[in-house]
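File shown: query-v8.pdb (PDB, C-alpha atoms, pLDDT in the B column).
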ATOM      1  CA  MET S   1       0.000   0.000   0.000  1.00 95.00           C
ATOM      2  CA  VAL S   2       1.286   3.464  -0.903  1.00 98.00           C
ATOM      3  CA  LEU S   3       0.067   6.819   0.356  1.00 98.00           C
ATOM      4  CA  VAL S   4       0.378   9.542  -2.293  1.00 98.00           C
ATOM      5  CA  VAL S   5       0.635  13.046  -0.877  1.00 98.00           C
ATOM      6  CA  GLN S   6      -0.492  15.951  -3.024  1.00 98.00           C
ATOM      7  CA  GLU S   7       1.212  19.137  -4.126  1.00 97.00           C
ATOM      8  CA  ILE S   8      -0.309  22.416  -2.925  1.00 96.00           C
ATOM      9  CA  PHE S   9      -2.722  22.137  -5.859  1.00 96.00           C
ATOM     10  CA  GLY S  10      -4.664  19.343  -4.169  1.00 96.00           C
ATOM     11  CA  VAL S  11      -5.694  15.948  -5.497  1.00 97.00           C
ATOM     12  CA  HIS S  12      -5.883  17.054  -9.114  1.00 95.00           C
ATOM     13  CA  ALA S  13      -5.403  15.105 -12.348  1.00 96.00           C
ATOM     14  CA  TYR S  14      -1.638  14.740 -11.963  1.00 98.00           C
ATOM     15  CA  ILE S  15      -1.846  13.211  -8.474  1.00 98.00           C
ATOM     16  CA  GLN S  16      -4.663  10.951  -9.624  1.00 98.00           C
ATOM     17  CA  ASP S  17      -2.431   9.784 -12.479  1.00 98.00           C
ATOM     18  CA  VAL S  18       0.406   9.020 -10.046  1.00 98.00           C
ATOM     19  CA  CYS S  19      -2.035   6.765  -8.184  1.00 98.00           C
ATOM     20  CA  ARG S  20      -2.964   5.024 -11.430  1.00 98.00           C
ATOM     21  CA  ARG S  21       0.695   4.502 -12.299  1.00 98.00           C
ATOM     22  CA  LEU S  22       1.342   2.933  -8.911  1.00 98.00           C
ATOM     23  CA  ALA S  23      -1.791   0.799  -9.255  1.00 97.00           C
ATOM     24  CA  ARG S  24      -0.486  -0.560 -12.559  1.00 97.00           C
ATOM     25  CA  LEU S  25       2.625  -1.652 -10.648  1.00 97.00           C
ATOM     26  CA  GLY S  26       0.412  -3.625  -8.292  1.00 95.00           C
ATOM     27  CA  TYR S  27       0.127  -1.203  -5.361  1.00 96.00           C
ATOM     28  CA  LEU S  28      -2.988  -0.056  -3.584  1.00 96.00           C
ATOM     29  CA  ALA S  29      -2.354   3.694  -3.974  1.00 97.00           C
ATOM     30  CA  ILE S  30      -4.413   6.269  -2.094  1.00 97.00           C
ATOM     31  CA  ALA S  31      -4.256  10.073  -2.207  1.00 98.00           C
ATOM     32  CA  PRO S  32      -6.383  11.544   0.600  1.00 97.00           C
ATOM     33  CA  SER S  33      -7.556  15.144   0.172  1.00 97.00           C
ATOM     34  CA  LEU S  34      -5.570  16.723   2.984  1.00 98.00           C
ATOM     35  CA  PHE S  35      -6.774  20.331   2.720  1.00 96.00           C
ATOM     36  CA  GLU S  36     -10.456  19.411   2.800  1.00 92.00           C
ATOM     37  CA  ARG S  37     -11.258  21.090   6.121  1.00 95.00           C
ATOM     38  CA  GLN S  38      -9.550  24.332   5.092  1.00 95.00           C
ATOM     39  CA  GLY S  39     -10.853  24.548   1.505  1.00 92.00           C
ATOM     40  CA  ASP S  40     -10.986  23.003  -1.971  1.00 91.00           C
ATOM     41  CA  VAL S  41      -7.844  24.382  -3.596  1.00 94.00           C
ATOM     42  CA  THR S  42      -8.607  22.664  -6.901  1.00 90.00           C
ATOM     43  CA  LYS S  43     -11.217  25.355  -7.525  1.00 89.00           C
ATOM     44  CA  LEU S  44      -8.928  28.308  -6.796  1.00 93.00           C
ATOM     45  CA  PRO S  45      -7.442  30.251  -9.728  1.00 91.00           C
ATOM     46  CA  ASP S  46      -3.767  30.671  -8.802  1.00 93.00           C
ATOM     47  CA  ILE S  47      -0.981  29.999  -6.302  1.00 93.00           C
ATOM     48  CA  ALA S  48      -1.549  33.339  -4.566  1.00 95.00           C
ATOM     49  CA  SER S  49      -5.050  32.265  -3.582  1.00 96.00           C
ATOM     50  CA  ILE S  50      -3.984  28.711  -2.698  1.00 96.00           C
ATOM     51  CA  ARG S  51      -1.132  29.532  -0.311  1.00 95.00           C
ATOM     52  CA  PRO S  52      -3.297  31.095   2.459  1.00 95.00           C
ATOM     53  CA  VAL S  53      -5.439  27.950   2.526  1.00 96.00           C
ATOM     54  CA  VAL S  54      -2.453  25.635   2.742  1.00 96.00           C
ATOM     55  CA  ALA S  55      -0.874  27.752   5.491  1.00 95.00           C
ATOM     56  CA  LYS S  56      -3.871  26.954   7.711  1.00 96.00           C
ATOM     57  CA  VAL S  57      -3.391  23.183   7.449  1.00 97.00           C
ATOM     58  CA  PRO S  58      -1.788  21.853  10.669  1.00 98.00           C
ATOM     59  CA  ASP S  59       0.882  19.196  10.348  1.00 98.00           C
ATOM     60  CA  ALA S  60      -0.743  17.314  13.229  1.00 98.00           C
ATOM     61  CA  GLN S  61      -4.016  17.160  11.296  1.00 98.00           C
ATOM     62  CA  VAL S  62      -2.191  15.812   8.250  1.00 98.00           C
ATOM     63  CA  MET S  63      -0.428  13.100  10.264  1.00 98.00           C
ATOM     64  CA  ASN S  64      -3.733  12.048  11.811  1.00 98.00           C
ATOM     65  CA  ASP S  65      -5.482  12.015   8.430  1.00 98.00           C
ATOM     66  CA  LEU S  66      -2.753   9.858   6.927  1.00 98.00           C
ATOM     67  CA  ASP S  67      -3.036   7.457   9.870  1.00 98.00           C
ATOM     68  CA  ALA S  68      -6.804   7.349   9.362  1.00 97.00           C
ATOM     69  CA  THR S  69      -6.318   6.644   5.661  1.00 97.00           C
ATOM     70  CA  VAL S  70      -4.056   3.699   6.439  1.00 97.00           C
ATOM     71  CA  ALA S  71      -6.568   2.345   8.948  1.00 95.00           C
ATOM     72  CA  TRP S  72      -9.438   2.739   6.471  1.00 94.00           C
ATOM     73  CA  ALA S  73      -7.483   1.047   3.681  1.00 93.00           C
ATOM     74  CA  GLY S  74      -6.685  -1.898   5.910  1.00 89.00           C
ATOM     75  CA  ARG S  75     -10.291  -2.216   7.013  1.00 89.00           C
ATOM     76  CA  GLU S  76     -12.162  -1.534   3.771  1.00 84.00           C
ATOM     77  CA  GLY S  77      -9.716  -1.671   0.870  1.00 74.00           C
ATOM     78  CA  GLY S  78      -7.582  -4.710   1.513  1.00 81.00           C
ATOM     79  CA  GLY S  79      -4.429  -2.695   2.183  1.00 83.00           C
ATOM     80  CA  ASP S  80      -1.578  -4.177   4.201  1.00 88.00           C
ATOM     81  CA  SER S  81      -0.286  -1.611   6.686  1.00 87.00           C
ATOM     82  CA  ARG S  82       2.672  -3.895   7.419  1.00 91.00           C
ATOM     83  CA  ARG S  83       4.002  -3.073   3.929  1.00 95.00           C
ATOM     84  CA  LEU S  84       3.235   0.634   3.878  1.00 97.00           C
ATOM     85  CA  GLY S  85       5.010   3.192   1.730  1.00 98.00           C
ATOM     86  CA  ILE S  86       4.515   6.892   1.111  1.00 98.00           C
ATOM     87  CA  THR S  87       5.482   9.284  -1.654  1.00 98.00           C
ATOM     88  CA  GLY S  88       4.769  12.982  -2.028  1.00 98.00           C
ATOM     89  CA  PHE S  89       5.516  15.897  -4.306  1.00 98.00           C
ATOM     90  CA  CYS S  90       6.533  19.441  -3.322  1.00 98.00           C
ATOM     91  CA  TRP S  91       4.266  20.158  -0.300  1.00 98.00           C
ATOM     92  CA  GLY S  92       3.780  16.412  -0.126  1.00 98.00           C
ATOM     93  CA  GLY S  93       7.530  15.842  -0.240  1.00 98.00           C
ATOM     94  CA  ARG S  94       7.947  17.626   3.079  1.00 98.00           C
ATOM     95  CA  ILE S  95       5.016  15.645   4.486  1.00 98.00           C
ATOM     96  CA  THR S  96       6.690  12.412   3.384  1.00 98.00           C
ATOM     97  CA  TRP S  97       9.707  13.196   5.571  1.00 98.00           C
ATOM     98  CA  LEU S  98       7.451  14.172   8.481  1.00 98.00           C
ATOM     99  CA  TYR S  99       5.406  10.994   8.203  1.00 98.00           C
ATOM    100  CA  ALA S 100       8.577   8.910   8.258  1.00 98.00           C
ATOM    101  CA  ALA S 101       9.333  10.510  11.633  1.00 97.00           C
ATOM    102  CA  HIS S 102       5.733  10.001  12.780  1.00 98.00           C
ATOM    103  CA  ASN S 103       4.716   6.446  11.890  1.00 97.00           C
ATOM    104  CA  PRO S 104       6.977   3.671  13.248  1.00 96.00           C
ATOM    105  CA  ASN S 105       5.223   1.121  11.019  1.00 95.00           C
ATOM    106  CA  LEU S 106       6.131   2.835   7.745  1.00 98.00           C
ATOM    107  CA  LYS S 107       8.409   0.724   5.555  1.00 98.00           C
ATOM    108  CA  ALA S 108       9.771   3.446   3.226  1.00 98.00           C
ATOM    109  CA  GLY S 109       9.153   6.849   1.687  1.00 98.00           C
ATOM    110  CA  VAL S 110      10.111   8.719  -1.466  1.00 99.00           C
ATOM    111  CA  ALA S 111      10.076  12.523  -1.162  1.00 98.00           C
ATOM    112  CA  TRP S 112      10.076  14.519  -4.386  1.00 98.00           C
ATOM    113  CA  TYR S 113      11.563  18.013  -3.877  1.00 98.00           C
ATOM    114  CA  GLY S 114       9.936  18.596  -0.503  1.00 97.00           C
ATOM    115  CA  ARG S 115      10.994  21.616   1.532  1.00 97.00           C
ATOM    116  CA  LEU S 116      13.617  20.689   4.116  1.00 98.00           C
ATOM    117  CA  ALA S 117      13.949  23.871   6.187  1.00 97.00           C
ATOM    118  CA  GLY S 118      11.770  26.857   6.925  1.00 95.00           C
ATOM    119  CA  VAL S 119      10.245  29.174   9.487  1.00 94.00           C
ATOM    120  CA  SER S 120       8.399  27.408  12.278  1.00 95.00           C
ATOM    121  CA  THR S 121       4.727  28.319  12.754  1.00 95.00           C
ATOM    122  CA  PRO S 122       2.056  26.985  15.117  1.00 96.00           C
ATOM    123  CA  GLN S 123       0.578  24.977  12.249  1.00 96.00           C
ATOM    124  CA  GLN S 124       3.911  23.784  10.799  1.00 97.00           C
ATOM    125  CA  PRO S 125       6.298  23.685  13.770  1.00 97.00           C
ATOM    126  CA  SER S 126       9.017  21.412  12.334  1.00 97.00           C
ATOM    127  CA  TYR S 127      10.837  20.709   9.094  1.00 98.00           C
ATOM    128  CA  PRO S 128      12.710  17.590   7.963  1.00 98.00           C
ATOM    129  CA  LEU S 129      16.093  18.986   8.984  1.00 97.00           C
ATOM    130  CA  ASP S 130      14.747  19.309  12.532  1.00 96.00           C
ATOM    131  CA  LEU S 131      13.622  15.685  12.599  1.00 97.00           C
ATOM    132  CA  VAL S 132      16.539  13.699  11.175  1.00 97.00           C
ATOM    133  CA  ALA S 133      17.136  11.816  14.424  1.00 95.00           C
ATOM    134  CA  ARG S 134      13.459  10.804  14.585  1.00 96.00           C
ATOM    135  CA  ILE S 135      13.099   9.431  11.043  1.00 96.00           C
ATOM    136  CA  LYS S 136      12.132   5.794  11.494  1.00 91.00           C
ATOM    137  CA  ALA S 137      11.755   4.556   7.914  1.00 96.00           C
ATOM    138  CA  PRO S 138      14.272   4.955   5.078  1.00 98.00           C
ATOM    139  CA  VAL S 139      13.378   7.886   2.854  1.00 98.00           C
ATOM    140  CA  LEU S 140      14.727   8.558  -0.625  1.00 98.00           C
ATOM    141  CA  GLY S 141      14.792  12.299  -1.315  1.00 98.00           C
ATOM    142  CA  LEU S 142      14.824  13.396  -4.962  1.00 98.00           C
ATOM    143  CA  TYR S 143      15.948  17.005  -5.491  1.00 98.00           C
ATOM    144  CA  GLY S 144      16.906  19.352  -8.297  1.00 98.00           C
ATOM    145  CA  GLY S 145      20.182  21.247  -8.284  1.00 97.00           C
ATOM    146  CA  LYS S 146      18.470  24.207  -9.969  1.00 97.00           C
ATOM    147  CA  ASP S 147      15.416  24.318  -7.734  1.00 97.00           C
ATOM    148  CA  ASP S 148      14.476  27.957  -7.097  1.00 95.00           C
ATOM    149  CA  SER S 149      12.186  26.914  -4.235  1.00 94.00           C
ATOM    150  CA  ILE S 150      14.596  24.699  -2.318  1.00 96.00           C
ATOM    151  CA  PRO S 151      18.202  25.936  -2.147  1.00 94.00           C
ATOM    152  CA  LEU S 152      20.762  23.305  -3.053  1.00 95.00           C
ATOM    153  CA  GLU S 153      22.489  24.093   0.222  1.00 96.00           C
ATOM    154  CA  THR S 154      19.561  22.728   2.226  1.00 97.00           C
ATOM    155  CA  ALA S 155      19.526  19.475   0.251  1.00 97.00           C
ATOM    156  CA  GLU S 156      23.249  19.113   0.887  1.00 96.00           C
ATOM    157  CA  ARG S 157      22.749  19.833   4.592  1.00 97.00           C
ATOM    158  CA  MET S 158      20.054  17.150   4.742  1.00 97.00           C
ATOM    159  CA  GLN S 159      22.333  14.757   2.895  1.00 96.00           C
ATOM    160  CA  ALA S 160      25.088  15.325   5.470  1.00 96.00           C
ATOM    161  CA  ALA S 161      22.703  15.118   8.432  1.00 97.00           C
ATOM    162  CA  LEU S 162      21.267  11.811   7.258  1.00 97.00           C
ATOM    163  CA  LYS S 163      24.735  10.373   6.789  1.00 95.00           C
ATOM    164  CA  ALA S 164      25.800  11.541  10.246  1.00 95.00           C
ATOM    165  CA  ALA S 165      22.687   9.992  11.783  1.00 93.00           C
ATOM    166  CA  GLY S 166      23.684   6.633  10.338  1.00 91.00           C
ATOM    167  CA  GLY S 167      20.253   5.767   8.978  1.00 87.00           C
ATOM    168  CA  ARG S 168      19.300   4.274   5.621  1.00 94.00           C
ATOM    169  CA  SER S 169      17.783   7.426   4.110  1.00 97.00           C
ATOM    170  CA  GLU S 170      19.406   9.012   1.073  1.00 97.00           C
ATOM    171  CA  ILE S 171      19.297  12.212  -0.980  1.00 97.00           C
ATOM    172  CA  VAL S 172      19.728  12.164  -4.756  1.00 98.00           C
ATOM    173  CA  ILE S 173      20.428  15.522  -6.402  1.00 97.00           C
ATOM    174  CA  TYR S 174      19.893  15.987 -10.128  1.00 98.00           C
ATOM    175  CA  PRO S 175      22.266  18.884 -10.917  1.00 97.00           C
ATOM    176  CA  GLU S 176      20.341  20.352 -13.876  1.00 97.00           C
ATOM    177  CA  ALA S 177      16.790  19.744 -12.662  1.00 98.00           C
ATOM    178  CA  PRO S 178      14.399  22.498 -11.525  1.00 98.00           C
ATOM    179  CA  HIS S 179      11.629  22.254  -8.972  1.00 98.00           C
ATOM    180  CA  GLY S 180       8.725  20.097 -10.117  1.00 98.00           C
ATOM    181  CA  PHE S 181      10.752  18.022 -12.554  1.00 98.00           C
ATOM    182  CA  HIS S 182       8.312  15.099 -12.272  1.00 98.00           C
ATOM    183  CA  ALA S 183       5.201  17.229 -12.880  1.00 98.00           C
ATOM    184  CA  ASP S 184       4.423  16.367 -16.494  1.00 98.00           C
ATOM    185  CA  TYR S 185       1.734  19.045 -16.799  1.00 97.00           C
ATOM    186  CA  ARG S 186       4.130  21.932 -16.109  1.00 96.00           C
ATOM    187  CA  PRO S 187       7.035  23.538 -18.016  1.00 97.00           C
ATOM    188  CA  SER S 188       9.344  22.318 -15.237  1.00 98.00           C
ATOM    189  CA  TYR S 189       8.901  18.716 -16.398  1.00 98.00           C
ATOM    190  CA  ARG S 190      12.145  16.940 -17.297  1.00 98.00           C
ATOM    191  CA  PRO S 191      11.255  13.569 -18.870  1.00 98.00           C
ATOM    192  CA  GLU S 192      14.602  11.823 -18.415  1.00 98.00           C
ATOM    193  CA  THR S 193      15.034  12.985 -14.821  1.00 98.00           C
ATOM    194  CA  ALA S 194      11.423  12.120 -14.003  1.00 98.00           C
ATOM    195  CA  ALA S 195      11.883   8.632 -15.469  1.00 98.00           C
ATOM    196  CA  ASP S 196      15.064   8.083 -13.471  1.00 98.00           C
ATOM    197  CA  GLY S 197      13.338   9.209 -10.278  1.00 98.00           C
ATOM    198  CA  TRP S 198      10.370   6.924 -10.954  1.00 98.00           C
ATOM    199  CA  SER S 199      12.711   3.987 -11.512  1.00 98.00           C
ATOM    200  CA  ARG S 200      14.471   4.786  -8.235  1.00 98.00           C
ATOM    201  CA  LEU S 201      11.109   4.929  -6.451  1.00 98.00           C
ATOM    202  CA  GLN S 202      10.256   1.441  -7.652  1.00 98.00           C
ATOM    203  CA  GLY S 203      13.631   0.078  -6.591  1.00 98.00           C
ATOM    204  CA  TRP S 204      13.442   1.805  -3.206  1.00 98.00           C
ATOM    205  CA  PHE S 205       9.993   0.429  -2.408  1.00 98.00           C
ATOM    206  CA  LYS S 206      10.943  -3.073  -3.538  1.00 97.00           C
ATOM    207  CA  ALA S 207      14.184  -3.063  -1.538  1.00 97.00           C
ATOM    208  CA  ASN S 208      12.380  -1.910   1.621  1.00 97.00           C
ATOM    209  CA  GLY S 209       9.411  -4.244   1.596  1.00 96.00           C
ATOM    210  CA  VAL S 210       6.643  -1.973   0.315  1.00 96.00           C
ATOM    211  CA  SER S 211       3.982  -3.941  -1.550  1.00 84.00           C
TER     212      SER S 211
END
Could you write out this structure as structure tokens?
Amino acid sequence: MVLVVQEIFGVHAYIQDVCRRLARLGYLAIAPSLFERQGDVTKLPDIASIRPVVAKVPDAQVMNDLDATVAWAGREGGGDSRRLGITGFCWGGRITWLYAAHNPNLKAGVAWYGRLAGVSTPQQPSYPLDLVARIKAPVLGLYGGKDDSIPLETAERMQAALKAAGGRSEIVIYPEAPHGFHADYRPSYRPETAADGWSRLQGWFKANGVS
């Protein structure tokens, strides 16, 4: 079973397609709508109107909703929580790291260009760099060296912190890739890099018992 965590744009066509792609590989893939209580961002016209909604979404709420999704899938959908994986993109990339520090039963995660450091707020008190010592499952982080949203320096800091912690998590940096290189509906899409990342995701899940 694989949890798929949305970008800030919500569970739109791209995220739905990621679920279908995982389903074709044999996974039960589920993308819960994690902004639902704060608003339906899929109906908003631009990023400027989406950001205030997303800023109101508490990390604790997201962790609880992901836990509830896993429980529901095990009860109603035939999912096996003993073989649980998670992947997320952009906003969901950060959540992937956080969930790996939250759920001790998670087998593995793949975080696509999720923010690693930032300003703490009551709703989002911690970032992945704050939680390295608490990450329980191996996470593969996929980052672009030319990401305007996530400085290369923070990816390198995370890389060093993970190595120092002695865990099994890894960071892969694609030197020429921008932010959103897997998002095939945006100009940022880089087909070869996206394909390599997708291949790594499959290998990572298989190696760590996600099914």
Let me make sure I understand: among S:Cys19, S:Asn105, S:Gln124, S:Val5, which one has the smallest atom-to-atom distance to Pro58 of chain S if we use all atoms listed in the file?
S:Gln124
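Nearest residue to Ile47 of chain S, choosing from S:Trp72, S:Phe9, S:Tyr14, S:Phe205 and counting all atoms listed in the file: S:Phe9.
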Please determine, counting all atoms listed in the file, which residue among S:Gly209, S:Pro128, S:Pro138, S:Gly118 has the shortest atom-to-atom distance to Gly167 of chain S.
S:Pro138
Atom CA of Ala101 of chain S sits from atom CA of Met63 of chain S at a separation of 10.2 Å
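Between Gly203 of chain S and the residues S:Pro125, S:Gly166, S:Pro187, S:Gly109, the shortest atom-to-atom distance, using only C-alpha atoms, involves S:Gly109.
Across S:Ala111, S:Ile8, S:Ala117, S:Ile150, the tightest approach to Ile171 of chain S is made by S:Ala111 when counting only C-alpha atoms.
In this model, the gap between atom CA of Trp198 of chain S and atom CA of Pro175 of chain S comes to 16.9 Å.
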Leaving out Glu156 of chain S and any residue of its chain fewer than 3 positions from it, which residues lie within 12 Å of it when counting only C-alpha atoms, given as a ChimeraX atom specification?
/S:116-117,129,141-145,150-153,159-163,170-175
Next, dump the selected residues to file, keeping only C-alpha atoms, as a short mmCIF file (atom, residue, chain, number, x, y, z; two decimals), keeping the file's coordinate frame.
data_model
loop_
_atom_site.label_atom_id
_atom_site.label_comp_id
_atom_site.auth_asym_id
_atom_site.auth_seq_id
_atom_site.Cartn_x
_atom_site.Cartn_y
_atom_site.Cartn_z
CA LEU S 116 13.62 20.69 4.12
CA ALA S 117 13.95 23.87 6.19
CA LEU S 129 16.09 18.99 8.98
CA GLY S 141 14.79 12.30 -1.32
CA LEU S 142 14.82 13.40 -4.96
CA TYR S 143 15.95 17.00 -5.49
CA GLY S 144 16.91 19.35 -8.30
CA GLY S 145 20.18 21.25 -8.28
CA ILE S 150 14.60 24.70 -2.32
CA PRO S 151 18.20 25.94 -2.15
CA LEU S 152 20.76 23.30 -3.05
CA GLU S 153 22.49 24.09 0.22
CA GLN S 159 22.33 14.76 2.90
CA ALA S 160 25.09 15.32 5.47
CA ALA S 161 22.70 15.12 8.43
CA LEU S 162 21.27 11.81 7.26
CA LYS S 163 24.74 10.37 6.79
CA GLU S 170 19.41 9.01 1.07
CA ILE S 171 19.30 12.21 -0.98
CA VAL S 172 19.73 12.16 -4.76
CA ILE S 173 20.43 15.52 -6.40
CA TYR S 174 19.89 15.99 -10.13
CA PRO S 175 22.27 18.88 -10.92
#
Starting from the incomplete input, reconstruct all heavy atoms of segment 76-85 of chain S and write that as a short mmCIF file (atom, residue, chain, number, x, y, z; two decimals), keeping the file's coordinate frame.
data_model
loop_
_atom_site.label_atom_id
_atom_site.label_comp_id
_atom_site.auth_asym_id
_atom_site.auth_seq_id
_atom_site.Cartn_x
_atom_site.Cartn_y
_atom_site.Cartn_z
N GLU S 76 -11.19 -1.52 4.86
CA GLU S 76 -12.16 -1.53 3.77
C GLU S 76 -11.56 -1.86 2.40
O GLU S 76 -12.27 -2.33 1.52
CB GLU S 76 -12.84 -0.16 3.68
CG GLU S 76 -13.49 0.33 4.96
CD GLU S 76 -14.74 -0.46 5.32
OE1 GLU S 76 -15.29 -1.16 4.44
OE2 GLU S 76 -15.17 -0.39 6.49
N GLY S 77 -10.27 -1.56 2.21
CA GLY S 77 -9.72 -1.67 0.87
C GLY S 77 -8.74 -2.79 0.65
O GLY S 77 -8.16 -2.92 -0.43
N GLY S 78 -8.50 -3.60 1.67
CA GLY S 78 -7.58 -4.71 1.51
C GLY S 78 -6.12 -4.32 1.58
O GLY S 78 -5.24 -5.09 1.17
N GLY S 79 -5.82 -3.13 2.08
CA GLY S 79 -4.43 -2.70 2.18
C GLY S 79 -3.70 -3.37 3.33
O GLY S 79 -4.31 -3.73 4.33
N ASP S 80 -2.40 -3.54 3.18
CA ASP S 80 -1.58 -4.18 4.20
C ASP S 80 -0.68 -3.11 4.84
O ASP S 80 0.32 -2.71 4.25
CB ASP S 80 -0.74 -5.29 3.58
CG ASP S 80 0.02 -6.11 4.62
OD1 ASP S 80 0.05 -5.69 5.80
OD2 ASP S 80 0.59 -7.16 4.25
N SER S 81 -1.05 -2.67 6.02
CA SER S 81 -0.29 -1.61 6.69
C SER S 81 1.10 -2.08 7.13
O SER S 81 1.94 -1.26 7.48
CB SER S 81 -1.07 -1.09 7.90
OG SER S 81 -1.28 -2.12 8.85
N ARG S 82 1.34 -3.37 7.08
CA ARG S 82 2.67 -3.90 7.42
C ARG S 82 3.66 -3.68 6.28
O ARG S 82 4.86 -3.86 6.47
CB ARG S 82 2.58 -5.38 7.75
CG ARG S 82 1.73 -5.70 8.98
CD ARG S 82 1.49 -7.18 9.09
NE ARG S 82 0.79 -7.70 7.92
CZ ARG S 82 0.51 -8.99 7.72
NH1 ARG S 82 0.90 -9.89 8.61
NH2 ARG S 82 -0.12 -9.39 6.63
N ARG S 83 3.16 -3.30 5.11
CA ARG S 83 4.00 -3.07 3.93
C ARG S 83 3.74 -1.69 3.35
O ARG S 83 3.64 -1.50 2.15
CB ARG S 83 3.74 -4.17 2.90
CG ARG S 83 4.05 -5.57 3.41
CD ARG S 83 3.75 -6.62 2.39
NE ARG S 83 4.11 -7.95 2.88
CZ ARG S 83 3.97 -9.08 2.18
NH1 ARG S 83 3.48 -9.02 0.95
NH2 ARG S 83 4.32 -10.24 2.68
N LEU S 84 3.67 -0.71 4.23
CA LEU S 84 3.24 0.63 3.88
C LEU S 84 4.37 1.50 3.35
O LEU S 84 5.45 1.57 3.95
CB LEU S 84 2.62 1.30 5.11
CG LEU S 84 2.18 2.76 4.99
CD1 LEU S 84 1.02 2.89 4.00
CD2 LEU S 84 1.78 3.30 6.36
N GLY S 85 4.10 2.19 2.26
CA GLY S 85 5.01 3.19 1.73
C GLY S 85 4.30 4.52 1.56
O GLY S 85 3.08 4.60 1.62
#
